[in-house]
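Enquirer: This structure is in C-alpha cells; I'll ask about it shortly.
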Amino acid sequence: MAAAPPSGRGPIGDNRPDMTRQAHTTTAAGGADIPALMARMGQAARAAATVMAAAPTLAKNRALLALARRLREAGPPLQAANEKDLQPARSAGLAAPLVDRLRLTSAVVATVAEGCEQLAAMPDPIGEISGVKRRPSGISVGRMRVPLGVFGMIYESRPNVTIEAASLAIKSGNAAILRGGSEALHSNLALAELVAQALAEAGLPAAAVQLVPTTDRAAVGRLIAMPEYVDVIIPRGGKGLIARISAEARVPVIKHLDGNCHVYVDEQVDLDLAVNVTDNAKTQKYSPCNAAESLLVHAAQAAAFLPRIGDVFAAKGVEMRCCARAAALLGPRPGVVRASEEDWAAEYLAPIISIKVVDSLDEAMAHINRYGSHHTDAILTTNHPNAMRFLREVDSASVMVNASTRFADGFEYGLGAEIGISTDKFHARGPVGLEGLTSLKWLVLGQGEVRA
C-alpha cells in the first residue's frame with residue numbers, strides 16, 4: 001500500500017514501500033509520527049483520486065477481477081495473518097461471536113471475492129449523463145455522475161469490510177483511506193496488500209486504496225480532520241464510534257447512529273403474513289441494525305395477533321417489553337414485562353422487543369416518527385390507501401409494505417456491495433452502494449450562446 005504519491009517509475013502506483021516496515025516504524029515511534037503519516041497518505045490519496053476519476057471502466061474491472069483471483073489464491077498466507085489476530089482475541093477471552101467476526105474462513109473469502117466479480121459485472125455509473133434539457137436561451141443543461149474523490153472509512157471487527165470498501169472505491173472511481181479495528185490489523189494489512197497488487201496489475205495507482213497501518217487512535221483524529229485531502233468520512237461500527245466521528249469530523253459524514261426499526265400491524269391485515277414477517281424481522285438475526293426492535297399493533301387486531309406472535313417469541317426466548325394493553329393480552333407468557341419510556345426508543349441488538357397497542361394508523365406513524373431512528377420501518381396491511389400513506393408519511397430511509405425490515409440491505413436492494421447505511425437526508429440515504437459514492441455535477445452545452 002502506498003504512503004506517498006506514485007512516482008513515474010513503472011506502472012502507476014508501482015512505487016510502494018514495505019507496509020510491514022511502515023507499520024512497525026509508525027507504531028514504535030508513537031503519536032509524533034501520526035500527523036506526518038496521515039499527511040502522506042492524504043497526499044497520495046488525492047493524487048490517486050485524480051487518476052481513478054479518469055480511469056476507464058475496463059481498467060477498474062480488471063482490478064476487481066484481479067483482486068477476486070488473488071483473494072482465492074491467498075490461502076495459507078492470508079490464514080496465517082488472520083491467525084495473528086484470532087490468537088490474541090481468544091487469549092483475551094473475547095466472546096465467541098466477536099471472535100467469529102474476525103475469522104477469515106474460506107467461505108468469507110469466497111464471498112468477498114464473488115462480490116468483487118459482481119461489481120465488475122455491474123454498469124459503471126461514472127460519466128453517465130442524464131436529464132439533458134434544452135433551455136429557451138439555446139443552451140442544453142444536464143448532469144453527469146462523478147466520484148466523490150477521497151473517502152475515509154473507519155470500521156470495527158470484520159476484516160471482510162476492507163475488501164467491500166476497497167472494491168466499491170475501485171468501481172466508483174474514488175480513492176479510499178481505510179482504518180480498521182486494532183483487533184484485525186494483521187488481517188487487514190494482508191488484505192490491503194492484495195488490493196494494492198490488484199490495482200498495480202491493472203495499471204491503476206496502488207494508493208487508490210490505503211490502509212492506516214497503525215493502531216494509534218490519533219490516526220483517526222487526523223483522518224477525520226483533513227478536509228484538504230478527504231471529502232467524506234464513513235464510520236461503520238457501534239453507536240459510540242459513530243457518535244464520536246460525527247461530533248469531531250471536519251468533513252461530511254455518511255452515517256446512521258442506531259436502528260430502532262418498527263413493524264406496524266395495521267387494522268386490516270393477513271394475520272398469517274403478519275406473524276411470519278414479524279417473526280423474521282425480529283428473530284432471523286438479532287444483531288443487525290435492520291432487525292425489528294419495536295412492534296406496534298392496531299387495537300382491532302391486537303387480540304388476534306398478539307397471542308400468536310407472543311407464542312413465537314416466547315418459544316425463541318425473546319423478551320417482550322409491553323405497554324399495559326399488550327401485556328394484558330399476552331398474559332403470563334415467559335418474557336412478558338412492562339415497558340419503560342426508554343424502551344420505545346431503544347436499539348436492543350438482542351432478543352428483546354418493545355410492543356405497543358395503538359388505536360390508529362396516525363398514532364402508529366406519530367410514534368415511529370417520534371421514537372424511531374429513521375432507519376427502516378414496515379407496515380403489514382391489506383389496505384392500499386394506508387400502505388401509501390405509510391410510505392409517504394413515515395420519515396425513514398427505508399419504508400416497507402408487507403416485507404421484513406431485514407431486507408434493508410444493499411445486496412438485497414440490488415446495489416452490489418454495501419459500504420454502510422445512511423439515515424441522513426442529504427446526498428445518500430438508506431443503503432449506500434456505488435451511487436452513494438458518487439455525486440452529480442451540472443453540464444452546460446452551448447454553441448456560442450451569451451446571456452443577455
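In the C-alpha cells, chains take letters A, B, ... by order of appearance, with residues numbered from 1 within each chain and ligands from 1 in the order shown.
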Return as a Markdown table the residues of range 95-129 of chain A lying at most 12 Å from range 135-148 of chain A, together with the closest atom-to-atom pair for each and the distance in Å to one decimal, counting only C-alpha atoms, with rows in chain order and ascending residue number.

Expert:
```
| residue | atom | partner | partner_atom | distance |
| --- | --- | --- | --- | --- |
| A:Asp124 | CA | A:Arg145 | CA | 10.1 |
| A:Pro125 | CA | A:Arg145 | CA | 6.6 |
| A:Ile126 | CA | A:Val146 | CA | 5.3 |
| A:Gly127 | CA | A:Arg145 | CA | 5.3 |
| A:Glu128 | CA | A:Arg145 | CA | 5.4 |
| A:Ile129 | CA | A:Met144 | CA | 4.4 |
```

Enquirer: Hey, can you spit out that residue selection with all heavy atoms as a JSON list (two decimals), in the first residue's frame?

Expert:
```json
[["chain", "number", "residue", "atom", "x", "y", "z"],
["A", 124, "ASP", "N", -20.95, 0.75, -15.07],
["A", 124, "ASP", "CA", -20.14, 1.79, -14.46],
["A", 124, "ASP", "C", -20.94, 3.09, -14.43],
["A", 124, "ASP", "O", -21.31, 3.62, -15.48],
["A", 124, "ASP", "CB", -18.86, 1.99, -15.26],
["A", 124, "ASP", "CG", -17.86, 2.92, -14.58],
["A", 124, "ASP", "OD1", -18.25, 3.59, -13.61],
["A", 124, "ASP", "OD2", -16.70, 2.97, -15.04],
["A", 125, "PRO", "N", -21.23, 3.64, -13.23],
["A", 125, "PRO", "CA", -22.04, 4.86, -13.19],
["A", 125, "PRO", "C", -21.27, 6.12, -13.55],
["A", 125, "PRO", "O", -21.88, 7.15, -13.86],
["A", 125, "PRO", "CB", -22.49, 4.92, -11.73],
["A", 125, "PRO", "CG", -21.40, 4.24, -10.97],
["A", 125, "PRO", "CD", -20.89, 3.15, -11.89],
["A", 126, "ILE", "N", -19.93, 6.06, -13.52],
["A", 126, "ILE", "CA", -19.13, 7.27, -13.69],
["A", 126, "ILE", "C", -19.19, 7.75, -15.14],
["A", 126, "ILE", "O", -19.00, 6.99, -16.08],
["A", 126, "ILE", "CB", -17.67, 7.02, -13.26],
["A", 126, "ILE", "CG1", -17.62, 6.55, -11.81],
["A", 126, "ILE", "CG2", -16.83, 8.28, -13.46],
["A", 126, "ILE", "CD1", -18.29, 7.49, -10.83],
["A", 127, "GLY", "N", -19.47, 9.03, -15.29],
["A", 127, "GLY", "CA", -19.56, 9.63, -16.61],
["A", 127, "GLY", "C", -20.95, 9.60, -17.22],
["A", 127, "GLY", "O", -21.17, 10.17, -18.29],
["A", 128, "GLU", "N", -21.88, 8.95, -16.51],
["A", 128, "GLU", "CA", -23.24, 8.88, -17.03],
["A", 128, "GLU", "C", -23.88, 10.27, -17.04],
["A", 128, "GLU", "O", -23.85, 11.00, -16.06],
["A", 128, "GLU", "CB", -24.06, 7.94, -16.13],
["A", 128, "GLU", "CG", -25.50, 7.79, -16.50],
["A", 128, "GLU", "CD", -26.23, 6.93, -15.47],
["A", 128, "GLU", "OE1", -26.13, 5.69, -15.54],
["A", 128, "GLU", "OE2", -26.87, 7.51, -14.57],
["A", 129, "ILE", "N", -24.47, 10.66, -18.19],
["A", 129, "ILE", "CA", -25.11, 11.97, -18.34],
["A", 129, "ILE", "C", -26.62, 11.77, -18.36],
["A", 129, "ILE", "O", -27.13, 10.88, -19.04],
["A", 129, "ILE", "CB", -24.64, 12.67, -19.63],
["A", 129, "ILE", "CG1", -23.13, 12.94, -19.54],
["A", 129, "ILE", "CG2", -25.41, 13.97, -19.85],
["A", 129, "ILE", "CD1", -22.55, 13.52, -20.81]]
```

Enquirer: I'd like the neighbourhood of Ala54 in chain A as a PyMOL selection string, where a residue qualifies if any of its atoms comes within 8 Å (using only C-alpha atoms), though same-chain residues fewer than 3 positions away should be ignored.

Expert: chain A and resi 50-51+173

Enquirer: Just the residues within 10 Å of range 420-437 of chain A, please, counting only C-alpha atoms, with nothing from its chain fewer than 6 positions along; format it as a compact mmCIF listing (two decimals) with C-alpha atoms, in the first residue's frame.

Expert:
```txt
# COMPACT_ATOMS: atom_id res chain seq x y z
CA LEU A 119 -19.18 -5.37 -9.04
CA MET A 122 -22.24 -4.07 -12.95
CA PRO A 123 -22.61 -0.98 -15.16
CA ASP A 124 -20.14 1.79 -14.46
CA PRO A 125 -22.04 4.86 -13.19
CA ILE A 126 -19.13 7.27 -13.69
CA ARG A 145 -22.28 11.39 -12.36
CA VAL A 146 -18.76 11.72 -10.92
CA PRO A 147 -16.78 10.21 -8.00
CA LEU A 148 -16.80 11.92 -4.60
CA GLY A 149 -12.99 11.98 -4.62
CA VAL A 150 -11.41 10.58 -1.44
CA PHE A 151 -13.42 8.87 1.28
CA MET A 153 -13.70 4.76 6.26
CA VAL A 161 -15.15 -4.88 5.23
CA ALA A 165 -14.81 -0.86 0.87
CA SER A 167 -13.94 -2.89 -4.26
CA LEU A 168 -16.56 -0.13 -4.07
CA ALA A 169 -13.84 2.52 -4.15
CA ILE A 170 -12.34 0.97 -7.26
CA LYS A 171 -15.60 0.63 -9.18
CA SER A 172 -16.83 4.11 -8.22
CA GLY A 173 -13.57 5.75 -9.28
CA ASN A 174 -12.72 7.04 -5.81
CA VAL A 232 -16.23 12.39 3.17
CA ILE A 234 -17.90 6.79 6.52
CA PRO A 235 -17.91 5.29 10.05
CA ARG A 236 -19.14 1.71 10.38
CA GLY A 237 -19.42 0.24 13.84
CA VAL A 253 -20.03 12.14 7.42
CA ILE A 254 -22.26 9.44 5.87
CA LYS A 255 -23.74 7.64 8.86
CA HIS A 256 -26.52 6.18 10.92
CA LEU A 257 -26.33 6.17 14.70
CA ASP A 258 -28.74 3.35 15.50
CA GLY A 259 -31.51 1.20 14.10
CA CYS A 289 -29.19 -2.62 12.52
CA ASN A 290 -32.18 -3.60 10.32
CA SER A 373 -34.15 6.24 14.26
CA HIS A 374 -35.27 6.97 10.67
CA HIS A 375 -33.62 3.74 9.52
CA THR A 376 -36.25 1.19 8.38
CA ASP A 395 -39.78 9.76 7.81
CA SER A 396 -37.28 6.94 7.38
CA ALA A 397 -34.56 5.99 4.91
CA SER A 398 -36.38 2.75 4.02
CA VAL A 399 -40.14 2.20 4.33
CA ALA A 408 -32.88 -3.11 4.21
CA ASP A 409 -29.53 -4.13 2.76
CA GLY A 410 -27.50 -3.04 -0.25
CA PHE A 411 -27.24 -6.55 -1.67
CA GLU A 412 -30.98 -7.16 -1.29
CA TYR A 413 -31.68 -3.80 -2.96
CA GLY A 414 -29.54 -4.78 -5.94
```

Enquirer: I need the residues of range 275-401 of chain A that end up classed as alpha helix (DSSP H) by DSSP on the backbone, written out as a ChimeraX atom specification.

Expert: /A:275-283,299-315,324-330,361-371,384-393

Enquirer: Select, from A:Leu211, A:Asn402, A:Val336, A:Arg250, the residue with the minimum atom-to-atom distance to Asn276 in chain A, counting only C-alpha atoms.

Expert: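 So, comparing all the options, the nearest one is A:Asn402.
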
Enquirer: For Gly75 in chain A, which residue among A:Gly317, A:Ala166, A:Gly115, A:Leu194 is the nearest when counting only C-alpha atoms?

Expert: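 Ranked by minimum distance to Gly75 in chain A, first place goes to A:Leu194.
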
Enquirer: How many Å separate CA of Leu391 in chain A from CA of Ala378 in chain A?

Expert: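 Separating CA of Leu391 in chain A from CA of Ala378 in chain A is a distance of 8.8 Å.
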
Enquirer: Step one, run DSSP on the backbone; step two, keep only residues of range 26-133 of chain A assigned to strand (DSSP E or B); then write them as a list in words.

Expert: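 The residues of range 26-133 of chain A classed as strand (DSSP E or B) are Ile129, Ser130, Gly131, Val132 and Lys133 of chain A.
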
Enquirer: Hey, which of A:Pro205, A:Pro288, A:Gly372, A:Gly42 ends up closest to Asn260 in chain A? Count only C-alpha atoms.

Expert: A:Gly372

Enquirer: Counting only C-alpha atoms, which of A:Ile154, A:Ala36, A:Ala292, A:Ala300 gets nearest to Leu361 in chain A?

Expert: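 Among A:Ile154, A:Ala36, A:Ala292, A:Ala300, it is A:Ala300 that comes nearest to Leu361 in chain A.
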